[in-house]
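**Student:** For reference, the file model29.txt (compact mmCIF, C-alpha atoms and all ligand atoms) is included below:
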```txt
# COMPACT_ATOMS: atom_id res chain seq x y z
CA MET Y 1 193.60 127.28 41.14
CA LYS Y 2 191.29 130.27 41.08
CA VAL Y 3 187.73 129.80 42.24
CA SER Y 4 184.74 132.02 41.53
CA TYR Y 5 181.54 131.85 43.50
CA TYR Y 6 178.10 132.10 41.92
CA PRO Y 7 175.40 132.88 44.51
CA GLY Y 8 172.22 133.08 42.38
CA CYS Y 9 169.17 135.24 43.07
CA THR Y 10 167.56 133.43 45.98
CA LEU Y 11 170.67 133.39 48.13
CA LYS Y 12 170.64 137.17 48.35
CA THR Y 13 167.17 137.29 49.95
CA LYS Y 14 165.03 134.26 50.88
CA ALA Y 15 167.98 131.94 51.36
CA LYS Y 16 170.38 134.33 53.06
CA HIS Y 17 170.98 131.65 55.70
CA LEU Y 18 172.37 129.38 52.98
CA GLU Y 19 174.83 132.01 51.75
CA ASP Y 20 175.81 133.60 55.08
CA SER Y 21 176.55 130.29 56.77
CA ALA Y 22 178.55 129.00 53.79
CA LEU Y 23 180.66 132.12 53.36
CA ALA Y 24 181.37 132.43 57.08
CA SER Y 25 182.39 128.76 57.15
CA LEU Y 26 184.69 129.11 54.15
CA ALA Y 27 186.34 132.13 55.75
CA ALA Y 28 186.83 130.15 58.97
CA LEU Y 29 188.31 127.29 56.96
CA GLY Y 30 190.67 129.63 55.15
CA VAL Y 31 189.21 128.78 51.74
CA ASP Y 32 189.27 131.71 49.36
CA VAL Y 33 186.31 132.02 47.00
CA ARG Y 34 185.32 135.27 45.33
CA GLU Y 35 181.84 136.14 44.20
CA LEU Y 36 181.68 136.89 40.48
CA PRO Y 37 181.78 140.69 40.20
CA ARG Y 38 178.92 140.52 37.72
CA TRP Y 39 176.38 137.75 37.32
CA ASN Y 40 172.81 137.17 36.18
CA CYS Y 41 170.05 134.68 37.02
CA CYS Y 42 170.97 131.21 35.76
CA GLY Y 43 167.41 130.60 34.59
CA ALA Y 44 166.79 128.07 37.39
CA VAL Y 45 165.82 125.27 34.99
CA HIS Y 46 167.56 123.79 31.96
CA SER Y 47 165.67 124.09 28.70
CA LEU Y 48 164.73 120.65 27.50
CA ALA Y 49 163.52 121.46 23.98
CA ASP Y 50 165.99 120.75 21.23
CA ASP Y 51 165.25 123.98 19.35
CA ASP Y 52 165.36 126.29 22.39
CA LEU Y 53 168.85 127.74 22.62
CA ILE Y 54 168.03 131.25 23.81
CA HIS Y 55 167.39 130.03 27.36
CA HIS Y 56 170.91 128.60 27.56
CA VAL Y 57 172.41 132.03 27.08
CA ALA Y 58 171.85 133.18 30.69
CA PRO Y 59 173.83 130.39 32.38
CA VAL Y 60 176.49 130.45 29.65
CA ARG Y 61 177.01 134.17 30.26
CA ASP Y 62 177.77 133.41 33.90
CA LEU Y 63 180.28 130.77 32.81
CA VAL Y 64 181.93 133.25 30.43
CA ARG Y 65 182.26 135.75 33.29
CA ALA Y 66 183.98 133.12 35.45
CA MET Y 67 186.33 132.33 32.55
CA ASP Y 68 187.05 136.04 32.06
CA GLU Y 69 187.96 136.28 35.75
CA GLY Y 70 190.61 133.66 35.06
CA SER Y 71 188.85 131.05 37.21
CA ASP Y 72 189.07 127.32 36.64
CA ARG Y 73 186.13 126.67 38.88
CA LEU Y 74 182.72 128.11 39.56
CA VAL Y 75 181.36 127.03 42.93
CA THR Y 76 177.63 127.18 43.70
CA LEU Y 77 175.53 126.47 46.77
CA CYS Y 78 172.00 126.38 45.38
CA SER Y 79 171.10 123.00 43.85
CA MET Y 80 169.06 124.52 41.04
CA CYS Y 81 171.83 126.94 40.08
CA TYR Y 82 174.28 124.05 40.19
CA ASN Y 83 172.12 122.02 37.84
CA SER Y 84 171.41 124.70 35.28
CA LEU Y 85 175.02 125.93 35.19
CA ALA Y 86 176.46 122.40 35.00
CA ARG Y 87 174.08 121.36 32.21
CA ALA Y 88 174.72 124.50 30.19
CA ASN Y 89 178.42 123.81 30.64
CA LEU Y 90 178.12 120.25 29.33
CA LEU Y 91 176.12 121.48 26.36
CA MET Y 92 178.86 123.99 25.48
CA ARG Y 93 181.48 121.28 25.84
CA ASN Y 94 179.80 118.52 23.93
CA ASP Y 95 177.49 119.97 21.29
CA GLU Y 96 179.56 121.58 18.59
CA VAL Y 97 176.64 122.91 16.55
CA LYS Y 98 174.72 124.44 19.45
CA ARG Y 99 177.92 125.84 20.92
CA LYS Y 100 178.64 127.70 17.70
CA THR Y 101 175.11 129.12 17.48
CA ILE Y 102 175.22 130.33 21.09
CA ASN Y 103 178.71 131.80 20.77
CA ASP Y 104 177.75 133.57 17.54
CA PHE Y 105 174.70 135.01 19.27
CA MET Y 106 176.64 136.38 22.26
CA THR Y 107 178.33 139.17 20.36
CA GLU Y 108 179.62 140.99 23.43
CA GLU Y 109 181.07 137.93 25.17
CA ASN Y 110 184.16 135.87 24.54
CA ASP Y 111 183.58 132.47 22.95
CA TYR Y 112 183.07 129.70 25.45
CA HIS Y 113 183.80 125.98 25.09
CA GLY Y 114 183.30 124.67 28.62
CA GLU Y 115 186.60 125.92 30.03
CA VAL Y 116 185.28 126.35 33.58
CA GLU Y 117 184.41 123.50 35.94
CA VAL Y 118 181.06 123.92 37.73
CA GLU Y 119 181.13 122.51 41.22
CA HIS Y 120 178.84 122.27 44.20
CA LEU Y 121 180.31 123.39 47.51
CA ILE Y 122 180.02 119.91 49.05
CA THR Y 123 182.26 118.19 46.50
CA PHE Y 124 184.50 121.26 46.45
CA LEU Y 125 185.03 120.91 50.21
CA ARG Y 126 185.79 117.23 49.89
CA ASP Y 127 188.27 117.70 47.04
CA THR Y 128 190.10 120.85 48.16
CA LEU Y 129 190.01 120.45 51.91
CA GLY Y 130 189.20 116.78 52.48
CA TRP Y 131 186.97 115.34 55.19
CA ASP Y 132 189.88 114.67 57.58
CA ASN Y 133 191.04 118.29 57.45
CA LEU Y 134 187.50 119.45 57.99
CA ARG Y 135 187.15 117.14 60.99
CA ALA Y 136 190.33 118.59 62.49
CA LYS Y 137 188.89 122.11 62.36
CA LEU Y 138 185.61 121.44 64.14
CA LYS Y 139 185.05 123.21 67.45
CA ALA Y 140 181.58 121.84 68.13
CA PRO Y 141 181.19 118.45 66.40
CA LEU Y 142 177.55 117.46 66.02
CA THR Y 143 177.97 114.30 68.07
CA GLY Y 144 174.75 112.43 68.69
CA MET Y 145 172.73 114.20 65.99
CA LYS Y 146 171.01 111.97 63.45
CA ILE Y 147 170.84 113.79 60.15
CA ALA Y 148 168.98 112.86 56.97
CA SER Y 149 170.61 114.21 53.80
CA TYR Y 150 167.99 115.22 51.27
CA TYR Y 151 169.48 115.35 47.78
CA GLY Y 152 166.27 116.06 45.87
CA CYS Y 153 166.60 115.98 42.07
CA THR Y 154 168.97 118.60 40.82
CA LEU Y 155 172.10 117.38 42.61
CA VAL Y 156 171.69 113.86 41.27
CA ARG Y 157 169.76 114.02 37.99
CA PRO Y 158 170.35 113.73 35.12
CA LYS Y 159 173.27 111.38 35.69
CA ASP Y 160 175.83 113.38 33.72
CA VAL Y 161 175.65 116.26 36.22
CA ALA Y 162 175.23 114.23 39.42
CA ILE Y 163 177.54 115.81 42.02
CA GLU Y 164 178.89 112.43 42.95
CA PRO Y 165 177.66 109.65 40.68
CA ALA Y 166 179.72 106.85 42.22
CA SER Y 167 178.21 106.35 45.67
CA GLY Y 168 175.51 109.02 45.77
CA ARG Y 169 176.39 109.49 49.44
CA VAL Y 170 178.61 112.55 49.39
CA ILE Y 171 176.31 114.63 51.61
CA ASN Y 172 176.12 111.70 54.03
CA GLU Y 173 179.93 111.72 54.12
CA PHE Y 174 179.81 115.45 54.86
CA VAL Y 175 177.38 114.81 57.73
CA GLU Y 176 179.69 112.16 59.14
CA ALA Y 177 182.67 114.51 58.83
CA LEU Y 178 180.75 116.96 61.02
CA GLY Y 179 180.54 114.29 63.69
CA ALA Y 180 176.85 113.53 63.26
CA ARG Y 181 175.28 110.24 62.23
CA ALA Y 182 174.09 110.09 58.62
CA VAL Y 183 170.65 108.53 58.38
CA ASP Y 184 169.81 106.78 55.12
CA PHE Y 185 166.19 107.11 54.07
CA GLY Y 186 164.28 105.91 51.05
CA ALA Y 187 163.01 109.28 49.86
CA SER Y 188 166.35 111.11 49.82
CA THR Y 189 166.24 111.61 46.04
CA VAL Y 190 162.48 111.90 45.60
CA CYS Y 191 161.56 115.28 44.08
CA CYS Y 192 159.77 117.71 46.42
CA GLY Y 193 157.43 118.79 43.61
CA SER Y 194 159.57 121.81 42.78
CA TYR Y 195 157.82 124.63 40.87
CA GLN Y 196 154.55 122.71 40.97
CA VAL Y 197 153.99 124.69 44.15
CA LEU Y 198 152.58 127.26 41.69
CA ALA Y 199 150.21 125.00 39.73
CA HIS Y 200 149.63 121.83 41.78
CA PRO Y 201 150.32 122.65 45.42
CA ASP Y 202 148.31 119.62 46.63
CA SER Y 203 150.61 117.26 44.75
CA VAL Y 204 153.56 119.01 46.38
CA THR Y 205 152.03 118.61 49.84
CA GLU Y 206 151.42 114.92 49.18
CA VAL Y 207 154.99 114.16 48.12
CA VAL Y 208 156.49 116.32 50.89
CA GLY Y 209 154.52 114.22 53.38
CA ARG Y 210 156.15 111.07 52.02
CA ILE Y 211 159.63 112.60 52.17
CA ILE Y 212 159.30 113.90 55.74
CA GLN Y 213 157.75 110.69 57.02
CA SER Y 214 160.42 108.60 55.31
CA ALA Y 215 163.19 110.60 57.05
CA THR Y 216 161.36 110.46 60.38
CA ASP Y 217 160.78 106.71 60.11
CA ALA Y 218 164.51 106.26 59.48
CA GLY Y 219 165.16 107.95 62.83
CA ALA Y 220 166.36 111.38 61.70
CA ASP Y 221 166.42 114.29 64.17
CA ALA Y 222 166.69 116.79 61.34
CA LEU Y 223 167.03 117.00 57.58
CA ILE Y 224 169.55 118.99 55.55
CA LEU Y 225 169.40 120.18 51.96
CA SER Y 226 170.94 122.72 49.62
CA CYS Y 227 168.01 123.95 47.52
CA PRO Y 228 165.88 126.96 48.55
CA LEU Y 229 162.87 125.61 46.65
CA CYS Y 230 163.10 122.24 48.41
CA GLU Y 231 163.49 124.13 51.68
CA TYR Y 232 160.38 126.15 51.02
CA ASN Y 233 158.27 123.12 50.07
CA LEU Y 234 159.57 120.90 52.88
CA VAL Y 235 159.05 123.52 55.60
CA LYS Y 236 155.88 125.18 54.37
CA ASN Y 237 153.79 122.01 54.12
CA GLN Y 238 154.63 120.42 57.44
CA GLU Y 239 152.03 122.14 59.59
CA GLU Y 240 149.20 121.10 57.28
CA LEU Y 241 150.58 117.56 57.03
CA LEU Y 242 150.81 117.34 60.80
CA GLN Y 243 147.23 118.50 61.25
CA LYS Y 244 146.05 115.94 58.70
CA GLN Y 245 148.15 113.31 60.50
CA LYS Y 246 150.15 112.55 57.37
CA ILE Y 247 153.39 113.03 59.32
CA ALA Y 248 154.04 112.05 62.92
CA ARG Y 249 155.91 115.21 63.95
CA ARG Y 250 157.58 118.29 62.54
CA LEU Y 251 161.06 117.60 61.25
CA PRO Y 252 163.64 120.41 61.57
CA VAL Y 253 165.08 121.47 58.21
CA PHE Y 254 168.45 123.19 57.70
CA TYR Y 255 170.78 124.09 54.92
CA PHE Y 256 173.89 121.88 54.95
CA SER Y 257 176.01 124.99 55.38
CA GLN Y 258 174.18 125.95 58.58
CA LEU Y 259 175.30 122.69 60.16
CA LEU Y 260 178.82 123.33 58.90
CA ALA Y 261 178.95 126.77 60.53
CA MET Y 262 177.56 125.34 63.78
CA ALA Y 263 180.12 122.54 63.87
CA LEU Y 264 182.90 125.04 63.22
CA GLY Y 265 181.83 126.83 66.38
CA LEU Y 266 180.62 129.98 64.62
CA GLY Y 267 177.83 132.05 66.13
CA PRO Y 268 174.17 132.47 65.15
CA GLU Y 269 175.05 135.58 63.12
CA SER Y 270 176.77 133.08 60.80
CA TYR Y 271 174.27 130.22 60.71
CA ARG Y 272 171.28 132.58 60.85
CA PRO Y 273 168.62 130.61 62.76
CA ASP Y 274 166.51 133.77 62.58
CA MET Y 275 165.65 132.66 59.04
CA ASN Y 276 164.56 129.15 60.01
CA ASP Y 277 161.09 128.01 61.05
CA ALA Y 278 160.08 127.66 64.69
CA ALA Y 279 160.44 123.85 64.83
CA SER Y 280 164.01 124.03 63.56
CA VAL Y 281 164.90 126.77 66.04
CA GLU Y 282 163.43 124.70 68.89
CA PHE Y 283 165.63 121.82 67.83
CA LEU Y 284 168.75 124.02 67.99
CA LYS Y 285 167.77 125.20 71.46
CA SER Y 286 167.31 121.60 72.61
CA LYS Y 287 170.86 120.90 71.44
CA ASN Y 288 172.16 123.98 73.25
CA PHE Y 289 173.12 125.92 70.14
CA PRO Y 290 172.67 129.68 70.59
CA VAL Y 291 169.85 130.96 68.41
CA GLY Y 292 170.22 134.72 68.84
CA SER Y 293 167.03 136.68 68.29
CA THR Y 294 163.76 134.72 68.26
CA ALA Y 295 162.50 133.11 65.08
CA ILE Y 296 159.94 135.01 63.08
CA ARG Y 297 158.98 132.39 60.56
CA PRO Y 298 155.91 130.24 61.37
CA MET K 1 134.41 105.94 26.20
CA ALA K 2 135.17 104.31 22.87
CA ILE K 3 138.23 105.68 21.10
CA GLU K 4 138.62 105.26 17.38
CA ILE K 5 142.17 104.58 16.32
CA SER K 6 142.99 104.03 12.69
CA GLU K 7 145.58 105.09 10.19
CA LYS K 8 143.29 108.09 9.54
CA THR K 9 143.27 109.29 13.17
CA ILE K 10 147.03 108.99 13.76
CA LYS K 11 148.62 112.43 13.47
CA HIS K 12 152.01 111.61 12.01
CA GLU K 13 153.05 115.24 11.85
CA PHE K 14 152.35 115.59 15.56
CA ILE K 15 154.48 112.54 16.36
CA GLU K 16 157.27 113.95 14.23
CA LYS K 17 157.06 117.32 16.01
CA ILE K 18 157.26 115.70 19.45
CA ASN K 19 160.25 113.63 18.34
CA GLN K 20 161.99 116.71 17.00
CA LEU K 21 161.30 118.98 19.96
CA SER K 22 162.29 116.36 22.51
CA ALA K 23 165.09 114.82 20.43
CA GLN K 24 163.68 111.43 21.47
CA ASP K 25 162.14 108.53 19.58
CA ILE K 26 158.81 107.85 21.22
CA SER K 27 158.36 104.61 19.27
CA MET K 28 161.06 103.15 21.56
CA CYS K 29 158.65 102.98 24.52
CA PHE K 30 157.54 99.41 25.30
CA GLN K 31 154.98 100.39 27.91
CA CYS K 32 156.58 98.97 31.02
CA GLY K 33 155.30 101.76 33.27
CA THR K 34 158.59 102.24 35.13
CA CYS K 35 158.30 106.00 34.52
CA GLY K 36 155.03 106.35 36.43
CA GLY K 37 156.40 104.19 39.25
CA ALA K 38 159.34 106.58 39.61
CA CYS K 39 157.31 109.76 39.18
CA PRO K 40 156.87 111.80 42.40
CA MET K 41 153.74 113.45 41.03
CA SER K 42 152.01 110.25 39.88
CA ALA K 43 150.02 109.76 43.09
CA ARG K 44 147.61 112.50 42.00
CA MET K 45 147.93 112.12 38.22
CA ALA K 46 144.78 111.07 36.37
CA THR K 47 146.81 109.92 33.37
CA LEU K 48 150.21 108.37 34.01
CA PRO K 49 153.29 109.04 31.87
CA ARG K 50 153.19 105.54 30.34
CA LYS K 51 149.74 106.24 28.95
CA ILE K 52 150.89 109.56 27.53
CA MET K 53 153.66 107.69 25.72
CA ARG K 54 151.13 105.26 24.20
CA MET K 55 148.84 108.08 23.17
CA LEU K 56 151.80 109.86 21.60
CA GLN K 57 152.70 106.73 19.66
CA LEU K 58 149.12 106.68 18.39
CA GLY K 59 149.31 110.34 17.45
CA MET K 60 146.34 111.35 19.59
CA GLU K 61 147.12 115.05 19.42
CA GLU K 62 143.88 116.65 20.67
CA ARG K 63 143.44 114.23 23.57
CA ILE K 64 147.02 114.62 24.78
CA LEU K 65 147.01 118.39 24.67
CA GLU K 66 143.85 118.39 26.80
CA LEU K 67 145.38 116.23 29.54
CA GLU K 68 146.90 117.59 32.74
CA THR K 69 149.89 115.24 32.94
CA GLY K 70 152.46 117.49 31.24
CA TRP K 71 151.41 120.35 33.53
CA GLU K 72 151.79 118.16 36.62
CA CYS K 73 155.34 117.17 35.68
CA ALA K 74 158.02 118.73 37.89
CA SER K 75 160.89 118.02 35.45
CA CYS K 76 162.62 115.94 38.11
CA HIS K 77 164.07 113.44 35.61
CA ALA K 78 163.22 110.41 37.78
CA CYS K 79 161.50 108.85 34.75
CA THR K 80 164.47 109.70 32.54
CA VAL K 81 167.07 107.96 34.69
CA ASN K 82 164.89 104.90 35.19
CA CYS K 83 163.50 104.24 31.70
CA PRO K 84 164.88 100.88 30.52
CA ARG K 85 164.57 102.08 26.91
CA GLY K 86 166.72 105.15 27.54
CA ILE K 87 163.94 107.60 26.71
CA ASP K 88 164.39 111.04 28.25
CA LEU K 89 160.75 111.38 29.18
CA ALA K 90 161.30 114.74 30.89
CA ARG K 91 162.08 116.08 27.41
CA VAL K 92 158.96 114.50 25.97
CA MET K 93 156.89 116.20 28.68
CA GLU K 94 158.53 119.52 27.82
CA ALA K 95 157.64 119.02 24.15
CA VAL K 96 154.01 118.35 25.07
CA ARG K 97 153.92 121.55 27.17
CA LEU K 98 155.58 123.63 24.49
CA LEU K 99 153.04 122.65 21.84
CA VAL K 100 150.49 124.49 24.00
CA LEU K 101 152.70 127.29 25.36
CA ARG K 102 153.89 128.21 21.88
CA LYS K 103 150.32 129.11 20.98
CA ASN K 104 150.66 131.85 23.60
CA ILE K 105 148.54 129.99 26.11
CA ASN K 106 149.62 130.24 29.74
CA LYS K 107 149.04 127.41 32.19
CA ILE K 108 149.30 129.79 35.14
CA GLU K 109 148.73 133.53 35.12
CA PRO K 110 151.55 135.29 36.99
CA SER K 111 149.36 138.33 37.63
CA ARG K 112 146.82 136.16 39.44
CA LEU K 113 149.19 134.60 41.94
CA PRO K 114 148.28 135.73 45.46
CA ALA K 115 150.48 138.65 46.54
CA ALA K 116 151.34 136.91 49.82
CA ALA K 117 152.64 133.86 47.96
CA VAL K 118 154.76 135.98 45.62
CA ARG K 119 156.32 137.73 48.63
CA GLU K 120 157.06 134.44 50.33
CA LEU K 121 158.16 132.15 47.48
CA PRO K 122 161.86 131.82 46.69
CA GLN K 123 162.81 133.45 43.39
CA ILE K 124 163.77 130.10 41.87
CA ALA K 125 160.17 128.90 42.38
CA LEU K 126 158.85 131.80 40.34
CA VAL K 127 161.55 131.71 37.67
CA SER K 128 161.31 127.95 37.15
CA GLY K 129 157.49 127.93 37.33
CA PHE K 130 157.15 130.71 34.80
CA ARG K 131 159.70 129.05 32.54
CA LYS K 132 157.77 125.79 32.54
CA LEU K 133 154.18 126.94 32.76
CA THR K 134 153.91 130.24 30.89
CA SER K 135 154.49 131.11 27.25
S1 LIG U 301 159.78 103.74 31.48
FE1 LIG U 301 160.32 104.18 29.31
S2 LIG U 301 159.73 102.32 28.17
FE2 LIG U 301 158.74 102.19 30.20
S3 LIG U 301 156.68 103.06 29.87
FE3 LIG U 301 158.00 104.76 30.57
S4 LIG U 301 158.80 105.71 28.68
FE4 LIG U 301 157.98 103.68 28.12
S1 LIG U 302 160.20 114.41 35.03
FE1 LIG U 302 157.99 114.75 35.21
S2 LIG U 302 157.02 112.87 34.44
FE2 LIG U 302 159.18 112.41 34.84
S3 LIG U 302 159.20 111.54 36.91
FE3 LIG U 302 159.61 113.75 37.11
S4 LIG U 302 157.61 114.70 37.43
FE4 LIG U 302 157.22 112.63 36.65
```
What is this file in structure tokens?
Ligand code: SF4
Ligand code: SF4
**Tutor:**
Amino acid sequence: MKVSYYPGCTLKTKAKHLEDSALASLAALGVDVRELPRWNCCGAVHSLADDDLIHHVAPVRDLVRAMDEGSDRLVTLCSMCYNSLARANLLMRNDEVKRKTINDFMTEENDYHGEVEVEHLITFLRDTLGWDNLRAKLKAPLTGMKIASYYGCTLVRPKDVAIEPASGRVINEFVEALGARAVDFGASTVCCGSYQVLAHPDSVTEVVGRIIQSATDAGADALILSCPLCEYNLVKNQEELLQKQKIARRLPVFYFSQLLAMALGLGPESYRPDMNDAASVEFLKSKNFPVGSTAIRP
Amino acid sequence: MAIEISEKTIKHEFIEKINQLSAQDISMCFQCGTCGGACPMSARMATLPRKIMRMLQLGMEERILELETGWECASCHACTVNCPRGIDLARVMEAVRLLVLRKNINKIEPSRLPAAAVRELPQIALVSGFRKLTS
């Protein structure tokens, strides 16, 4: 099995802590994934209009590149990339007419029919490594931590691309494999408001307040996620929500891969707390995890 | 405000266009309101998705295109997965937006976003926002 890795734009800058911690963890686990030698932005969102095919070309091109590399699988970390690649893939598999139009349009690329499997790192870890093997490799299990897994929308909706449709608890299983306690909370699949941060930031603040308070009420010490836009919305709004007394306290927010790197005993150069906000860094200190240089993000 | 609804006011072409763009049949909606209950943005919406569906069924083109609802939608698909009639409402919302965007009207002006926000926002926020809210 050959596996390609698709990082996406945000992981090279604003979400470097998502990429660095994941790649360092995979190296420590002995899992070989190679970044696609050439890739473009996936488009971040799937086009929903029936007559709009041009916007499917970007993600399909990435899938073609993975196929040309001889890969069966394309692994992603960012939830939005996962969603747009997986949906474009299903379209190319299932819609004969649209597939032909898109293939005919891409004159420089090989024809694509959905040959590659798009997978999120969490399910990839479960299926290739298995939770028991992961457990056996931990050097610093997160015993005693109570972690809320925030799925948001793009890992679970629409249903045909849900990373794990059966139980919907695969990130909770990951948390438990790391030795922490998975905290169920009502708002784990409530959307954070997404790109409405540009047009309706107050609506985003309102819904973020509900999500944070729901996780806090359920007893979580921290929340994990895999989407840089969720991370931005969930971190950015907390100070205002706290001042307006819409949330009881600041809730630390991490990428799932940061927790993985920590549990594997890797250092802060791998889990990159320098890119987290102050409240999250304080939490790490309280749990005696080295944080390296001081946080710069308010 | 009184609203006149008659065979003369119903814009059948508009209904047809929405059905085509969204690949949905809006006549399927039976007005249960499950969509608004599931919608994360509904707390601050003046007009809930259910009402949009009714207005669409009645072909109220001008009124619908003036409303904010489609622009408040975050394309989260919570309505879609919960609709008991199997309507993919996220696609209907996209169709409503596109009828405006395709007249070259932008909902947000990228050049007017504060520079500090542009520096700070993750790329996927800008890419997805521009895809959904600009022409
Ligand atoms: S959930 Fe479906 S049937 Fe119910 S009001 Fe919304 S669109 Fe109509
Ligand atoms: S897709 Fe839009 S209308 Fe539907 S629940 Fe999400 S935000 Fe609301």
**Student:** Can I get the residues close to ligand LIG 301 (chain U) as a list in words, where close means within 8 Å and we count only C-alpha atoms and all ligand atoms?
**Tutor:** Ile26, Met28, Cys29, Phe30, Gln31, Cys32, Gly33, Thr34, Cys35, Gly36, Pro49, Arg50, Lys51, Met53, Cys79, Thr80, Asn82, Cys83, Pro84, Arg85, Gly86, Ile87, Asp88 and Leu89 of chain K
**Student:** Between K:Lys17, K:Arg102, K:His12, K:His77, which is the closest to ligand LIG 302 (chain U) once you count all atoms listed in the file?
**Tutor:**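 Checking each candidate against ligand LIG 302 (chain U), we get K:His77 as the closest.
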**Student:** Report as a tab-separated table: every residue of chain Y with an atom at most 12 Å from ligand LIG 302 (chain U), its closest pair of atoms, and their distance in Å to one decimal, counting all atoms listed in the file, with rows sorted by chain and ascending residue number.
**Tutor:**
```
residue	atom	partner	partner_atom	distance
Y:Leu48	CA	U:LIG302	S1	10.8
Y:Gly152	CA	U:LIG302	FE3	11.2
Y:Cys153	CA	U:LIG302	FE3	8.9
Y:Thr154	CA	U:LIG302	FE3	11.2
Y:Arg157	CA	U:LIG302	S1	10.0
Y:Pro158	CA	U:LIG302	S1	10.2
Y:Thr189	CA	U:LIG302	FE3	11.3
Y:Val190	CA	U:LIG302	FE3	9.2
Y:Cys191	CA	U:LIG302	FE3	7.4
Y:Cys192	CA	U:LIG302	S4	9.7
Y:Gly193	CA	U:LIG302	S4	7.4
Y:Ser194	CA	U:LIG302	S4	9.1
Y:Tyr195	CA	U:LIG302	S4	10.5
Y:Gln196	CA	U:LIG302	S4	9.3
Y:His200	CA	U:LIG302	S4	11.6
Y:Ser203	CA	U:LIG302	S4	10.4
Y:Val204	CA	U:LIG302	S4	10.7
Y:Val207	CA	U:LIG302	S4	11.0
```
**Student:** Given the choices K:Ser111, K:Ser27, K:Val92, K:Asn106, which gets closest to Arg131 (chain K) if the distance is worked out from all atoms listed in the file?
**Tutor:**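 Of K:Ser111, K:Ser27, K:Val92, K:Asn106, the one nearest Arg131 (chain K) is K:Asn106, counting all atoms listed in the file.
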**Student:** Please provide as number ranges by chain all residues within 9 Å of Lys132 (chain K), with the sequence filter that same-chain residues fewer than 3 positions apart are discarded (counting all atoms listed in the file).
**Tutor:** Y: 45, 47, 195; K: 71, 74-75, 94, 97-98, 101, 107, 127-129, 135
**Student:** Calculated over all atoms listed in the file, which of the candidates Y:Asn276, Y:Asn288, Y:Thr107, Y:Thr13 has the smallest distance to chain K?
**Tutor:**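 Of all the options, Y:Thr13 lies closest to chain K.
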**Student:** Please determine, counting all atoms listed in the file, which residue among K:Leu113, K:Arg54, K:Lys11, K:Ile108 has the shortest atom-to-atom distance to Phe130 (chain K).
**Tutor:** K:Ile108
**Student:** Any idea what the distance is between CA of Gly265 (chain Y) and CA of Val33 (chain Y)?
**Tutor:** 20.6 Å
**Student:** Please list as a list in words every residue within 10 Å of Asn19 (chain K), counting all atoms listed in the file and excluding residues in the same chain fewer than 5 positions away.
**Tutor:**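 Non-adjacent residues within range: Asp50 of chain Y; Glu13, Phe14, Gln24, Asp25, Ile26, Ser27, Leu56, Arg91, Val92 and Ala95 of chain K.
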**Student:** So that I have them on file, write out the residues from the current selection with C-alpha atoms, as a JSON list (two decimals), in the coordinates of the input.
**Tutor:**
```json
[["chain", "number", "residue", "atom", "x", "y", "z"],
["Y", 50, "ASP", "CA", 165.99, 120.75, 21.23],
["K", 13, "GLU", "CA", 153.05, 115.24, 11.85],
["K", 14, "PHE", "CA", 152.35, 115.59, 15.56],
["K", 24, "GLN", "CA", 163.68, 111.43, 21.47],
["K", 25, "ASP", "CA", 162.14, 108.53, 19.58],
["K", 26, "ILE", "CA", 158.81, 107.85, 21.22],
["K", 27, "SER", "CA", 158.36, 104.61, 19.27],
["K", 56, "LEU", "CA", 151.80, 109.86, 21.60],
["K", 91, "ARG", "CA", 162.08, 116.08, 27.41],
["K", 92, "VAL", "CA", 158.96, 114.50, 25.97],
["K", 95, "ALA", "CA", 157.64, 119.02, 24.15]]
```
**Student:** With a distance cut-off of 8 Å and only C-alpha atoms, select the neighbouring residues of Gly209 (chain Y), excluding the residue or stretch itself and same-chain residues fewer than 5 positions from it, and output the selection as an MDAnalysis selection string.
**Tutor:** chainID Y and resid 237:238 241 246:247
**Student:** Of the candidates K:Ala117, K:Ala23, K:Leu99, K:Met60, which one gets nearest to chain Y if we count all atoms listed in the file?
**Tutor:**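 Looking only at the distances to chain Y, the closest residue turns out to be K:Ala23.
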**Student:** Show me, as lines of an AutoDock Vina configuration file, the centre and edge lengths in Å to one decimal of the axis-aligned box that covers every listed atom of region 138-143 of chain Y with 6 Å on each side.
**Tutor:**
```
center_x = 181.6
center_y = 118.8
center_z = 66.1
size_x = 20.1
size_y = 20.9
size_z = 16.0
```
**Student:** Please determine, counting only C-alpha atoms, which residue among K:Pro122, K:Gly37, K:Pro110, K:Gly59 has the shortest atom-to-atom distance to chain Y.
**Tutor:**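 Nearest candidate to chain Y out of K:Pro122, K:Gly37, K:Pro110, K:Gly59: K:Pro122.
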**Student:** At a cut-off of 6 Å around the point (151.5, 113.1, 27.3) (file coordinates), what residues fall inside when counting only C-alpha atoms? I'd like the answer as a list in words.
**Tutor:** Ile52, Ile64 and Gly70 of chain K
**Student:** Have a look at CA of Leu58 (chain K) and CA of Ala2 (chain K) and let me know their distance in Å, one decimal.
**Tutor:**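 Atom-to-atom, CA of Leu58 (chain K) to CA of Ala2 (chain K), that is 14.8 Å.
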**Student:** Would you list the contacts of region 163-180 of chain Y as a PyMOL selection string, taking every protein, DNA or RNA residue within 6 Å and counting only C-alpha atoms, but skipping same-chain residues closer than 3 positions in sequence?
**Tutor:** chain Y and resi 131+135+141-145+155
**Student:** If I take CA of Cys227 (chain Y) and CA of Leu121 (chain K), how far is one from the other in Å, to one decimal?
**Tutor:** 12.8 Å
**Student:** Please list as a VMD selection string every residue within 10 Å of Val57 (chain Y), counting all atoms listed in the file and excluding residues in the same chain fewer than 5 positions away.
**Tutor:** chain Y and resid 42 to 43 62 to 63 88 102 to 103 105 to 106
